[in-house]
Protein chains: 6
Amino acid sequence: MFDPMEERMRGIVVRNIPRSPKSMTDELRILGVATIHEAMDRQGLADPVLRPVYQGASIAGNAVTVLLPPGDNWMIHVAIEQCCEGDVLVVACESRCTDGALGELLATSLRAAGVVGAVLDVGCRDVRALQEMQFPVWCRAISARGTVKASLGSVNVPIVCAGMAVHPGDIVVADDDGVACIPYAVADQTRITAAKRQSKESESRQQLAAGRLGLDRLNMRPKLVAAGLRYVDNLSEVTGPRSRQ
Amino acid sequence: MFDPMEERMRGIVVRNIPRSPKSMTDELRILGVATIHEAMDRQGLADPVLRPVYQGASIAGNAVTVLLPPGDNWMIHVAIEQCCEGDVLVVACESRCTDGALGELLATSLRAAGVVGAVLDVGCRDVRALQEMQFPVWCRAISARGTVKASLGSVNVPIVCAGMAVHPGDIVVADDDGVACIPYAVADQTRITAAKRQSKESESRQQLAAGRLGLDRLNMRPKLVAAGLRYVDNLSEVTGPRSRQ
Amino acid sequence: MFDPMEERMRGIVVRNIPRSPKSMTDELRILGVATIHEAMDRQGLADPVLRPVYQGASIAGNAVTVLLPPGDNWMIHVAIEQCCEGDVLVVACESRCTDGALGELLATSLRAAGVVGAVLDVGCRDVRALQEMQFPVWCRAISARGTVKASLGSVNVPIVCAGMAVHPGDIVVADDDGVACIPYAVADQTRITAAKRQSKESESRQQLAAGRLGLDRLNMRPKLVAAGLRYVDNLSEVTGPRSRQ
Amino acid sequence: MFDPMEERMRGIVVRNIPRSPKSMTDELRILGVATIHEAMDRQGLADPVLRPVYQGASIAGNAVTVLLPPGDNWMIHVAIEQCCEGDVLVVACESRCTDGALGELLATSLRAAGVVGAVLDVGCRDVRALQEMQFPVWCRAISARGTVKASLGSVNVPIVCAGMAVHPGDIVVADDDGVACIPYAVADQTRITAAKRQSKESESRQQLAAGRLGLDRLNMRPKLVAAGLRYVDNLSEVTGPRSRQ
Amino acid sequence: MFDPMEERMRGIVVRNIPRSPKSMTDELRILGVATIHEAMDRQGLADPVLRPVYQGASIAGNAVTVLLPPGDNWMIHVAIEQCCEGDVLVVACESRCTDGALGELLATSLRAAGVVGAVLDVGCRDVRALQEMQFPVWCRAISARGTVKASLGSVNVPIVCAGMAVHPGDIVVADDDGVACIPYAVADQTRITAAKRQSKESESRQQLAAGRLGLDRLNMRPKLVAAGLRYVDNLSEVTGPRSRQ
Amino acid sequence: MFDPMEERMRGIVVRNIPRSPKSMTDELRILGVATIHEAMDRQGLADPVLRPVYQGASIAGNAVTVLLPPGDNWMIHVAIEQCCEGDVLVVACESRCTDGALGELLATSLRAAGVVGAVLDVGCRDVRALQEMQFPVWCRAISARGTVKASLGSVNVPIVCAGMAVHPGDIVVADDDGVACIPYAVADQTRITAAKRQSKESESRQQLAAGRLGLDRLNMRPKLVAAGLRYVDNLSEVTGPRSRQ
């Protein structure tokens, strides 16, 4: 059934991917998805349809990527052998699917391989067990529906997971705000920018808590005037379409 | 760039909105969204797509309304200056958007202004921090995606938030069941109707817990007969399309 | 208004449905939805859009089925009279609807009748009260929106609930992974198959936790080779469309 | 790989299904989905997500049913052998999937077998070719994405297609308004009721076109008064929550 | 069953609404939804989920508004009596519903009353007949599913239709691009602004067709430079996260 | 406002992208999306949510890519200057958005530049005009909602458009079945594989039209037996969960 000429674009497992030092992924995990995403010019985020199966977890690690056909999780078994301590499993599917491609057994195996969590553009199951064993998963759906092991996909090829482009070895960060992907080559620069951003935010937080307005702190008033903002005491002062209301 | 003739329908901030006594909003908060909504003839509810970022919170307050362009939260900064103790920030967007227009920093600033919570027909981020600081938010999505501060919207104009019409000063109530809006003019009447309804419900609850059926309590049996309800011992008695099953 | 010739397909209440011994439903509840669904060849599952209103509950019981018109919960009142200790209320709707057809009062009445939980292909409300009284509900949406009591549906007829076919008396199992339906006639056989599967899983879990790969345990390697799987050290070795990346 | 004890619920092909005379299906096709659905008390309709790939077609025929795993169309090949002149192919999927399980080639084969059209709770492709050959298909999505032939499903077992329960041999009717299923046992009765309804509608149409109101024709006015309908000249007459607007 | 104190917020029919001269609505219809929407500062648009049941129609007229309970079209019958030559029927629903609340018979009656088309935040049926009689409808779904006539709503009260606020008498414009609502008070001003905009567009079209770039026509280049736009010959020149690709 | 250190990841325009000979894109256009997608091992397809604004068009050309912020189409103006005869404009958005980022004016300008059509992971407007001028567009939504020109994105960087990874210069093919992307480096090989596939399909079509079954042509019967397929005369022969139905 296998014709090497026809099957050229699937069934590939890449063994070598870049990895980052633990100090790097630890720092990125603590910075968090929202700050990192801002540090990357509001790019590199997965669609918010991906949600954690339980609240409060946060992870960061190099991506071992998996591309699955719909309804089939064979390649996850193949991928585990390619995983190292600290990795994040990132799973894309060739078409939209919510089947539960990962459950307690695969999570047990992933943990044994040192994987810190998984991001799935498909479904997940055994969610109570996952919470009990504290193996965090971000996914498109929670579904008891199982999958077959019949068709090849690929491991460690570039994928698109929930609209987010991921190359093997990219650093994937996930927490209660969602999932972001930092290209491997810019991880350090992103870390620096994000850390700077975070210290600025601490200062902002104090001022805002003390009642100072963003309008004043960020000197927005002249720009608002220039853009045409008008203050009125009552809507009826404005001659306009909604004035009657 | 600003042409007053062309930009007439945006860029308006209304300074004065009506406010209710705290006793009123407190009572409405305790009555809860489901009871209030019934007291309003099942009207005034936001689409159930709006969900709280954490469970167990409930708020009620006068609405400071914000209309945003998609992907832009500049007007929230403008709105904070218009907020008073006990207000609820209610945000609509000119088109469907899930970007995280509100996070920890804006929540800090809103709390400093006395705002008790926010209802967003867009996304929200920093949800763990929001839960830690117990600033409740109801929103369309959780998304780390940030926004720009480039285009005007309006503050304290009538808006449509998740299908719910809100005028500035209306009382917005939100809890685990969703979000409702009570027009300012009928707040007191709604409060009275809802309170009556609630006391009736307490009595119903006791009877139902004791095993008395709604069929008997509400005297439904004659109406069901009149509507044609038939009791059979087995489906095969009914000559009908599903009888074969 | 009621014409017996015209209304033949609605307004039917069937009094007798099969019930299972408590030992059976208890065992199925503990086996859980994911294991049962596998034991049924990955069939009989509700669409994953049905979610529990609070985490951690699990139920199993014979289905008392209800078919509602949209926006109307009259038939739930009728159904309660047909419920016995240990039953599960399963509600379908004639068209897509998210209105809150069940809340605290109906839950109180269902509990008085011995019902262990409810599965609704519509909305649910009073979710905080439901959690406090520990009456678990799986539903399509949480919505404070109430319903009328104006039009007939049916009780204990075959229904389709979130894509899952349910006959009265079938055993419905629900937990954090979703909702499954076991046809009454095969409950015992499903129980046996699922229990076997579960013991195998315990063994698998131990081996996987110890680091043994599924690839080896399930002897997948020769099948993967036969299917054409190729291992490469770098993607650039593969002459293919994505090699440039 | 095949264990007869484990695979009992899939891989079944039923050879004999009931069929109706062509005069019956012809008449039902002409009556159309909306009229038939009313004649069945507003039951038996597929979810409106199923849409025709081109406008203007209408079909009716006995259902040859197919249950597919996601991403796999092997069973459609098996089903074609079971099809007779005048049948409708009705395809369900074990989980939500939009892959294009049917295209020009399968349509050519179905046509050769006498099948008049197909209803798919999955995707369809080659839609321009289908329109050119005038083979009508109702489906969940149009998707060029192809499927594998790796896993068994079943043919001519009861299925749920887009929320609609279909037994093999039921009469499926489809047109621009959607898709309905008439249980085989009640086809004749449904035909009679629908035909009666249609003649009444012709009369109604004439009266309505002449300007006679439904309010008067159906004598609704006293019922509206009894229900509490109030006519006012301006909204300001009503003391109520929206009167301010 | 009707308690006037309890039912105060529904069951209202307002007889008098403002109407516009035919010349006004004709001109707005020809200007079209996209131009009008721009002239209103990109506000007043219905959610794009509302689509025409057939292509190529365009209408404009004063809104007769209807608020329906889900699954019930009784109030449309009441509304027809309030319609005049040139009106547009605009239907909202108290909760999300796709049932076919309007079909050929109601369209016949609406046409007899002079109504030019309908906008429904629910479903529509008999779509082939509607196209044949050229009665255009914009709706959320096409569904053969019929509705009951059991519960009151209201006629000519302010509504929210697919996220668009509509007051009775507002001018609703609909074409292949969607549906917009112009508040009655600003119709003339909107007409003037839109017409100006349209003539500018004609000029733009000629220049653009001749190959002149918007960059030059609108003098965007200095603003782009100020915003930081950089031109490079190859992506590899940019030291950045995606440069490796 | 522009800080070159902070804005590094946006605001990039790449001038040089690879282009293919017209003979190549012509042939790929004629082969069509479904055949090409199969030739690429069922990869490289956009999510089926992208639909053409009118039926019957088909295009193929090298991709000029655009990345937009939500609600902003400034970069499309920038992109037009980078377009050549035969190109396809492919637009992604940093977050989910349905605003009408492209209408008649931009289409006029794109046509003047030689662009053959556009693929938008956002909305489109002026669809009647686009059909009249026969400028085909595939998009996520039809929406009259316009956009601003306030924030930078990028041109000719790698993007993800509706889940499909696109590099500048890749060949994008679109027709009634959807949209596919062929990486530039494998265009020729894909063309050859697809053409082979197409000739095989012609032969298959003839055999299938003559009534020969796929079961026999593709020698599926032994594989089906091996997988456990059972033929029965009636469902009641199968001892199984659904036998009762």
# chains A, B, ... in the order shown; residues from 1 in each chain; ligands from 1
$ residues_around --residues "E:Leu67" --least-positions-apart "5" --cutoff "8 Å" --atoms "only C-alpha atoms" --output "list in words"
Met75, Val91, Ala92, Cys93, Glu94, Gly153, Ser154, Val155, Val157 and Ile159 of chain E
$ calpha_fit_and_write --fixed "chain F" --moving "chain C" --output "mmCIF file with C-alpha atoms, in the first residue's frame"
data_model
loop_
_atom_site.group_PDB
_atom_site.id
_atom_site.type_symbol
_atom_site.label_atom_id
_atom_site.label_comp_id
_atom_site.auth_asym_id
_atom_site.auth_seq_id
_atom_site.Cartn_x
_atom_site.Cartn_y
_atom_site.Cartn_z
ATOM 1 C CA MET C 1 5.697 56.930 18.813
ATOM 2 C CA PHE C 2 7.827 54.591 16.679
ATOM 3 C CA ASP C 3 10.625 52.921 18.573
ATOM 4 C CA PRO C 4 12.726 50.832 16.202
ATOM 5 C CA MET C 5 13.690 48.438 18.996
ATOM 6 C CA GLU C 6 10.103 47.782 19.977
ATOM 7 C CA GLU C 7 8.542 47.560 16.538
ATOM 8 C CA ARG C 8 10.959 45.088 15.084
ATOM 9 C CA MET C 9 8.438 42.378 14.307
ATOM 10 C CA ARG C 10 5.981 44.390 12.282
ATOM 11 C CA GLY C 11 6.166 47.031 9.587
ATOM 12 C CA ILE C 12 8.296 44.972 7.196
ATOM 13 C CA VAL C 13 7.813 45.003 3.428
ATOM 14 C CA VAL C 14 9.836 42.468 1.471
ATOM 15 C CA ARG C 15 10.307 43.517 -2.157
ATOM 16 C CA ASN C 16 11.563 40.336 -3.781
ATOM 17 C CA ILE C 17 9.581 37.139 -3.943
ATOM 18 C CA PRO C 18 9.868 34.206 -6.331
ATOM 19 C CA ARG C 19 7.452 33.955 -9.261
ATOM 20 C CA SER C 20 6.457 31.029 -11.471
ATOM 21 C CA PRO C 21 5.912 30.930 -15.215
ATOM 22 C CA LYS C 22 2.328 31.511 -16.324
ATOM 23 C CA SER C 23 2.209 28.067 -17.904
ATOM 24 C CA MET C 24 2.783 26.551 -14.478
ATOM 25 C CA THR C 25 0.072 28.498 -12.673
ATOM 26 C CA ASP C 26 -2.333 27.970 -15.559
ATOM 27 C CA GLU C 27 -1.899 24.248 -15.377
ATOM 28 C CA LEU C 28 -2.312 24.185 -11.617
ATOM 29 C CA ARG C 29 -5.464 26.282 -11.852
ATOM 30 C CA ILE C 30 -6.996 23.801 -14.282
ATOM 31 C CA LEU C 31 -6.015 20.809 -12.136
ATOM 32 C CA GLY C 32 -8.023 22.387 -9.336
ATOM 33 C CA VAL C 33 -7.842 22.469 -5.570
ATOM 34 C CA ALA C 34 -9.157 18.963 -4.811
ATOM 35 C CA THR C 35 -6.715 17.186 -7.135
ATOM 36 C CA ILE C 36 -3.751 19.307 -6.018
ATOM 37 C CA HIS C 37 -4.559 18.743 -2.381
ATOM 38 C CA GLU C 38 -4.568 14.968 -2.909
ATOM 39 C CA ALA C 39 -1.277 15.239 -4.802
ATOM 40 C CA MET C 40 0.156 16.917 -1.701
ATOM 41 C CA ASP C 41 -0.880 14.063 0.594
ATOM 42 C CA ARG C 42 -3.987 15.916 1.791
ATOM 43 C CA GLN C 43 -1.960 18.830 3.163
ATOM 44 C CA GLY C 44 -1.735 22.544 2.467
ATOM 45 C CA LEU C 45 -5.458 23.321 2.495
ATOM 46 C CA ALA C 46 -7.114 26.366 4.039
ATOM 47 C CA ASP C 47 -9.914 25.837 6.548
ATOM 48 C CA PRO C 48 -13.182 25.368 4.617
ATOM 49 C CA VAL C 49 -14.579 28.479 6.317
ATOM 50 C CA LEU C 50 -13.029 30.409 3.396
ATOM 51 C CA ARG C 51 -15.672 30.571 0.650
ATOM 52 C CA PRO C 52 -15.799 32.338 -2.740
ATOM 53 C CA VAL C 53 -17.981 35.472 -2.943
ATOM 54 C CA TYR C 54 -19.396 34.129 -6.197
ATOM 55 C CA GLN C 55 -19.494 30.666 -7.759
ATOM 56 C CA GLY C 56 -17.547 29.423 -10.737
ATOM 57 C CA ALA C 57 -14.246 31.294 -10.511
ATOM 58 C CA SER C 58 -10.844 29.605 -10.310
ATOM 59 C CA ILE C 59 -7.402 31.148 -9.947
ATOM 60 C CA ALA C 60 -3.763 30.247 -9.351
ATOM 61 C CA GLY C 61 -0.810 32.554 -8.820
ATOM 62 C CA ASN C 62 2.153 33.418 -6.636
ATOM 63 C CA ALA C 63 1.176 34.720 -3.223
ATOM 64 C CA VAL C 64 1.834 38.297 -2.205
ATOM 65 C CA THR C 65 1.216 37.961 1.520
ATOM 66 C CA VAL C 66 -0.221 40.567 3.873
ATOM 67 C CA LEU C 67 -0.459 40.454 7.656
ATOM 68 C CA LEU C 68 -3.061 42.878 9.062
ATOM 69 C CA PRO C 69 -3.980 43.986 12.565
ATOM 70 C CA PRO C 70 -7.726 43.440 13.182
ATOM 71 C CA GLY C 71 -9.970 46.154 11.738
ATOM 72 C CA ASP C 72 -7.177 47.749 9.709
ATOM 73 C CA ASN C 73 -6.379 47.392 5.983
ATOM 74 C CA TRP C 74 -3.542 49.893 5.620
ATOM 75 C CA MET C 75 -1.078 47.208 4.577
ATOM 76 C CA ILE C 76 -3.199 46.145 1.595
ATOM 77 C CA HIS C 77 -2.485 49.557 0.086
ATOM 78 C CA VAL C 78 1.197 48.959 0.689
ATOM 79 C CA ALA C 79 1.018 45.462 -0.775
ATOM 80 C CA ILE C 80 -0.469 46.502 -4.116
ATOM 81 C CA GLU C 81 2.778 48.236 -5.045
ATOM 82 C CA GLN C 82 4.554 44.873 -4.623
ATOM 83 C CA CYS C 83 2.139 42.977 -6.896
ATOM 84 C CA CYS C 84 2.880 41.753 -10.438
ATOM 85 C CA GLU C 85 0.831 40.346 -13.278
ATOM 86 C CA GLY C 86 -0.622 37.001 -12.234
ATOM 87 C CA ASP C 87 -0.181 37.335 -8.461
ATOM 88 C CA VAL C 88 -2.737 36.349 -5.824
ATOM 89 C CA LEU C 89 -3.167 38.593 -2.786
ATOM 90 C CA VAL C 90 -3.301 36.507 0.414
ATOM 91 C CA VAL C 91 -4.324 38.283 3.595
ATOM 92 C CA ALA C 92 -3.981 37.034 7.178
ATOM 93 C CA CYS C 93 -5.038 38.860 10.334
ATOM 94 C CA GLU C 94 -3.305 38.915 13.716
ATOM 95 C CA SER C 95 -6.556 37.955 15.424
ATOM 96 C CA ARG C 96 -9.959 36.670 14.321
ATOM 97 C CA CYS C 97 -11.812 39.422 12.425
ATOM 98 C CA THR C 98 -14.625 39.558 9.841
ATOM 99 C CA ASP C 99 -14.425 43.238 8.878
ATOM 100 C CA GLY C 100 -14.618 43.967 5.156
ATOM 101 C CA ALA C 101 -10.956 44.790 4.522
ATOM 102 C CA LEU C 102 -11.287 44.638 0.732
ATOM 103 C CA GLY C 103 -13.962 46.083 -1.551
ATOM 104 C CA GLU C 104 -14.505 47.381 -5.048
ATOM 105 C CA LEU C 105 -11.876 50.161 -4.897
ATOM 106 C CA LEU C 106 -9.031 47.946 -3.729
ATOM 107 C CA ALA C 107 -10.126 45.291 -6.222
ATOM 108 C CA THR C 108 -9.913 47.873 -8.987
ATOM 109 C CA SER C 109 -6.413 48.801 -7.900
ATOM 110 C CA LEU C 110 -5.349 45.143 -7.591
ATOM 111 C CA ARG C 111 -6.679 44.393 -11.053
ATOM 112 C CA ALA C 112 -4.751 47.356 -12.467
ATOM 113 C CA ALA C 113 -1.642 45.754 -10.944
ATOM 114 C CA GLY C 114 -2.411 42.442 -12.649
ATOM 115 C CA VAL C 115 -3.584 40.533 -9.571
ATOM 116 C CA VAL C 116 -5.935 37.661 -10.498
ATOM 117 C CA GLY C 117 -7.840 37.367 -7.222
ATOM 118 C CA ALA C 118 -7.622 37.531 -3.439
ATOM 119 C CA VAL C 119 -7.812 35.156 -0.476
ATOM 120 C CA LEU C 120 -8.753 36.835 2.804
ATOM 121 C CA ASP C 121 -8.825 35.433 6.309
ATOM 122 C CA VAL C 122 -11.040 38.440 7.077
ATOM 123 C CA GLY C 123 -14.200 39.864 5.499
ATOM 124 C CA CYS C 124 -14.955 41.273 2.042
ATOM 125 C CA ARG C 125 -17.510 43.838 0.833
ATOM 126 C CA ASP C 126 -19.020 45.254 -2.378
ATOM 127 C CA VAL C 127 -19.581 41.650 -3.403
ATOM 128 C CA ARG C 128 -22.020 42.485 -6.170
ATOM 129 C CA ALA C 129 -19.496 44.841 -7.765
ATOM 130 C CA LEU C 130 -16.795 42.196 -7.419
ATOM 131 C CA GLN C 131 -18.969 39.726 -9.288
ATOM 132 C CA GLU C 132 -19.786 42.282 -11.990
ATOM 133 C CA MET C 133 -16.105 43.045 -12.531
ATOM 134 C CA GLN C 134 -15.293 39.304 -12.188
ATOM 135 C CA PHE C 135 -12.613 39.797 -9.569
ATOM 136 C CA PRO C 136 -12.846 36.615 -7.473
ATOM 137 C CA VAL C 137 -12.328 36.692 -3.710
ATOM 138 C CA TRP C 138 -12.332 33.877 -1.149
ATOM 139 C CA CYS C 139 -13.019 35.096 2.376
ATOM 140 C CA ARG C 140 -14.159 34.283 5.914
ATOM 141 C CA ALA C 141 -17.234 36.523 5.785
ATOM 142 C CA ILE C 142 -19.091 39.054 3.718
ATOM 143 C CA SER C 143 -19.290 42.237 5.742
ATOM 144 C CA ALA C 144 -19.962 45.853 4.817
ATOM 145 C CA ARG C 145 -17.963 46.843 7.880
ATOM 146 C CA GLY C 146 -15.015 49.017 6.822
ATOM 147 C CA THR C 147 -11.579 49.284 8.351
ATOM 148 C CA VAL C 148 -9.145 51.999 9.457
ATOM 149 C CA LYS C 149 -5.662 52.784 8.193
ATOM 150 C CA ALA C 150 -3.897 53.337 11.503
ATOM 151 C CA SER C 151 -1.517 50.489 12.381
ATOM 152 C CA LEU C 152 1.290 48.694 10.595
ATOM 153 C CA GLY C 153 1.348 45.047 9.644
ATOM 154 C CA SER C 154 3.720 43.478 7.155
ATOM 155 C CA VAL C 155 3.910 42.527 3.470
ATOM 156 C CA ASN C 156 5.560 39.425 2.047
ATOM 157 C CA VAL C 157 6.394 37.750 5.336
ATOM 158 C CA PRO C 158 5.324 34.149 6.085
ATOM 159 C CA ILE C 159 1.722 34.086 7.295
ATOM 160 C CA VAL C 160 -0.968 31.698 8.476
ATOM 161 C CA CYS C 161 -4.195 32.270 6.518
ATOM 162 C CA ALA C 162 -7.196 30.259 7.777
ATOM 163 C CA GLY C 163 -4.862 27.631 9.225
ATOM 164 C CA MET C 164 -2.829 27.396 5.981
ATOM 165 C CA ALA C 165 0.861 28.353 6.124
ATOM 166 C CA VAL C 166 1.794 30.605 3.190
ATOM 167 C CA HIS C 167 5.236 31.904 2.280
ATOM 168 C CA PRO C 168 5.568 34.760 -0.184
ATOM 169 C CA GLY C 169 5.790 33.325 -3.690
ATOM 170 C CA ASP C 170 4.058 30.055 -2.842
ATOM 171 C CA ILE C 171 1.432 29.165 -5.425
ATOM 172 C CA VAL C 172 -2.083 29.623 -4.140
ATOM 173 C CA VAL C 173 -4.893 27.887 -6.019
ATOM 174 C CA ALA C 174 -8.566 28.602 -5.351
ATOM 175 C CA ASP C 175 -11.847 27.427 -6.817
ATOM 176 C CA ASP C 176 -15.335 26.390 -5.702
ATOM 177 C CA ASP C 177 -13.849 23.646 -3.510
ATOM 178 C CA GLY C 178 -11.699 26.029 -1.445
ATOM 179 C CA VAL C 179 -8.105 27.248 -1.291
ATOM 180 C CA ALA C 180 -4.785 25.377 -1.333
ATOM 181 C CA CYS C 181 -1.174 26.524 -1.057
ATOM 182 C CA ILE C 182 1.716 24.810 -2.857
ATOM 183 C CA PRO C 183 5.168 25.646 -1.487
ATOM 184 C CA TYR C 184 7.190 27.293 -4.258
ATOM 185 C CA ALA C 185 9.925 24.638 -4.197
ATOM 186 C CA VAL C 186 7.578 21.748 -4.940
ATOM 187 C CA ALA C 187 5.262 23.365 -7.428
ATOM 188 C CA ASP C 188 6.575 21.434 -10.390
ATOM 189 C CA GLN C 189 6.582 18.110 -8.632
ATOM 190 C CA THR C 190 3.049 18.730 -7.362
ATOM 191 C CA ARG C 191 1.935 19.607 -10.872
ATOM 192 C CA ILE C 192 3.294 16.300 -12.185
ATOM 193 C CA THR C 193 1.767 14.207 -9.412
ATOM 194 C CA ALA C 194 -1.571 15.973 -9.738
ATOM 195 C CA ALA C 195 -1.658 15.573 -13.503
ATOM 196 C CA LYS C 196 -0.976 11.842 -13.144
ATOM 197 C CA ARG C 197 -3.711 11.589 -10.588
ATOM 198 C CA GLN C 198 -6.096 13.392 -12.881
ATOM 199 C CA SER C 199 -5.572 11.050 -15.792
ATOM 200 C CA LYS C 200 -6.158 8.100 -13.505
ATOM 201 C CA GLU C 201 -9.387 9.745 -12.377
ATOM 202 C CA SER C 202 -10.654 10.072 -15.941
ATOM 203 C CA GLU C 203 -10.276 6.366 -16.375
ATOM 204 C CA SER C 204 -11.943 5.675 -13.026
ATOM 205 C CA ARG C 205 -14.840 7.925 -13.928
ATOM 206 C CA GLN C 206 -15.595 5.958 -17.059
ATOM 207 C CA GLN C 207 -15.523 2.631 -15.262
ATOM 208 C CA LEU C 208 -17.667 3.905 -12.392
ATOM 209 C CA ALA C 209 -20.160 5.459 -14.792
ATOM 210 C CA ALA C 210 -20.444 2.052 -16.423
ATOM 211 C CA GLY C 211 -21.444 0.580 -13.089
ATOM 212 C CA ARG C 212 -18.187 -1.066 -12.042
ATOM 213 C CA LEU C 213 -17.839 -0.791 -8.278
ATOM 214 C CA GLY C 214 -14.905 0.772 -6.456
ATOM 215 C CA LEU C 215 -14.986 -2.361 -4.282
ATOM 216 C CA ASP C 216 -13.896 -4.349 -7.302
ATOM 217 C CA ARG C 217 -11.772 -1.784 -9.134
ATOM 218 C CA LEU C 218 -9.630 -1.142 -6.077
ATOM 219 C CA ASN C 219 -9.755 -4.739 -4.868
ATOM 220 C CA MET C 220 -11.128 -3.753 -1.482
ATOM 221 C CA ARG C 221 -13.045 -6.910 -0.667
ATOM 222 C CA PRO C 222 -10.217 -8.964 0.866
ATOM 223 C CA LYS C 223 -9.119 -5.995 2.981
ATOM 224 C CA LEU C 224 -12.670 -5.473 4.206
ATOM 225 C CA VAL C 225 -12.929 -9.121 5.190
ATOM 226 C CA ALA C 226 -9.590 -8.926 6.975
ATOM 227 C CA ALA C 227 -10.806 -5.875 8.872
ATOM 228 C CA GLY C 228 -13.837 -7.845 10.024
ATOM 229 C CA LEU C 229 -16.685 -6.587 7.862
ATOM 230 C CA ARG C 230 -19.821 -8.709 8.202
ATOM 231 C CA TYR C 231 -22.798 -8.806 5.842
ATOM 232 C CA VAL C 232 -26.170 -9.681 7.351
ATOM 233 C CA ASP C 233 -29.640 -9.771 5.890
ATOM 234 C CA ASN C 234 -31.251 -7.963 8.785
ATOM 235 C CA LEU C 235 -29.912 -6.023 11.710
ATOM 236 C CA SER C 236 -31.654 -8.415 14.069
ATOM 237 C CA GLU C 237 -29.054 -11.051 13.149
ATOM 238 C CA VAL C 238 -26.426 -9.065 14.938
ATOM 239 C CA THR C 239 -26.432 -9.465 18.676
ATOM 240 C CA GLY C 240 -25.555 -5.932 19.511
ATOM 241 C CA PRO C 241 -26.493 -2.710 21.196
ATOM 242 C CA ARG C 242 -28.546 -1.306 18.375
ATOM 243 C CA SER C 243 -30.214 -4.553 17.362
ATOM 244 C CA ARG C 244 -33.402 -3.698 19.199
ATOM 245 C CA GLN C 245 -34.059 -0.710 17.030
#
$ select_by_dssp --residues "stretch 15-135 of chain B" --states "helix (DSSP H, G or I)" --output "PyMOL selection string"
chain B and resi 22-31+33-39+74-80+104-112+127-132
$ select_by_dssp --residues "stretch 24-146 of chain A" --states "strand (DSSP E)" --output "VMD selection string"
chain A and resid 51 to 52 59 to 68 88 to 93 100 to 102 117 to 124 137 to 142
$ decode --residues "stretch 43-50 of chain F" --atoms "N, CA and C atoms" --output "mmCIF file, in the first residue's frame"
data_model
loop_
_atom_site.group_PDB
_atom_site.id
_atom_site.type_symbol
_atom_site.label_atom_id
_atom_site.label_comp_id
_atom_site.auth_asym_id
_atom_site.auth_seq_id
_atom_site.Cartn_x
_atom_site.Cartn_y
_atom_site.Cartn_z
ATOM 1 N N GLN F 43 -2.482 17.775 2.316
ATOM 2 C CA GLN F 43 -1.966 18.857 3.158
ATOM 3 C C GLN F 43 -2.053 20.175 2.395
ATOM 4 N N GLY F 44 -1.844 21.271 3.118
ATOM 5 C CA GLY F 44 -1.753 22.565 2.462
ATOM 6 C C GLY F 44 -3.071 23.220 2.128
ATOM 7 N N LEU F 45 -4.148 22.792 2.781
ATOM 8 C CA LEU F 45 -5.471 23.332 2.477
ATOM 9 C C LEU F 45 -5.863 24.372 3.520
ATOM 10 N N ALA F 46 -6.557 25.418 3.073
ATOM 11 C CA ALA F 46 -7.125 26.372 4.026
ATOM 12 C C ALA F 46 -8.374 25.771 4.667
ATOM 13 N N ASP F 47 -8.683 26.232 5.865
ATOM 14 C CA ASP F 47 -9.919 25.839 6.536
ATOM 15 C C ASP F 47 -11.109 26.120 5.598
ATOM 16 N N PRO F 48 -12.081 25.185 5.546
ATOM 17 C CA PRO F 48 -13.192 25.386 4.610
ATOM 18 C C PRO F 48 -14.086 26.580 4.931
ATOM 19 N N VAL F 49 -13.806 27.286 6.010
ATOM 20 C CA VAL F 49 -14.593 28.494 6.289
ATOM 21 C C VAL F 49 -14.376 29.547 5.207
ATOM 22 N N LEU F 50 -13.252 29.481 4.493
ATOM 23 C CA LEU F 50 -13.031 30.416 3.376
ATOM 24 C C LEU F 50 -13.900 30.003 2.195
#
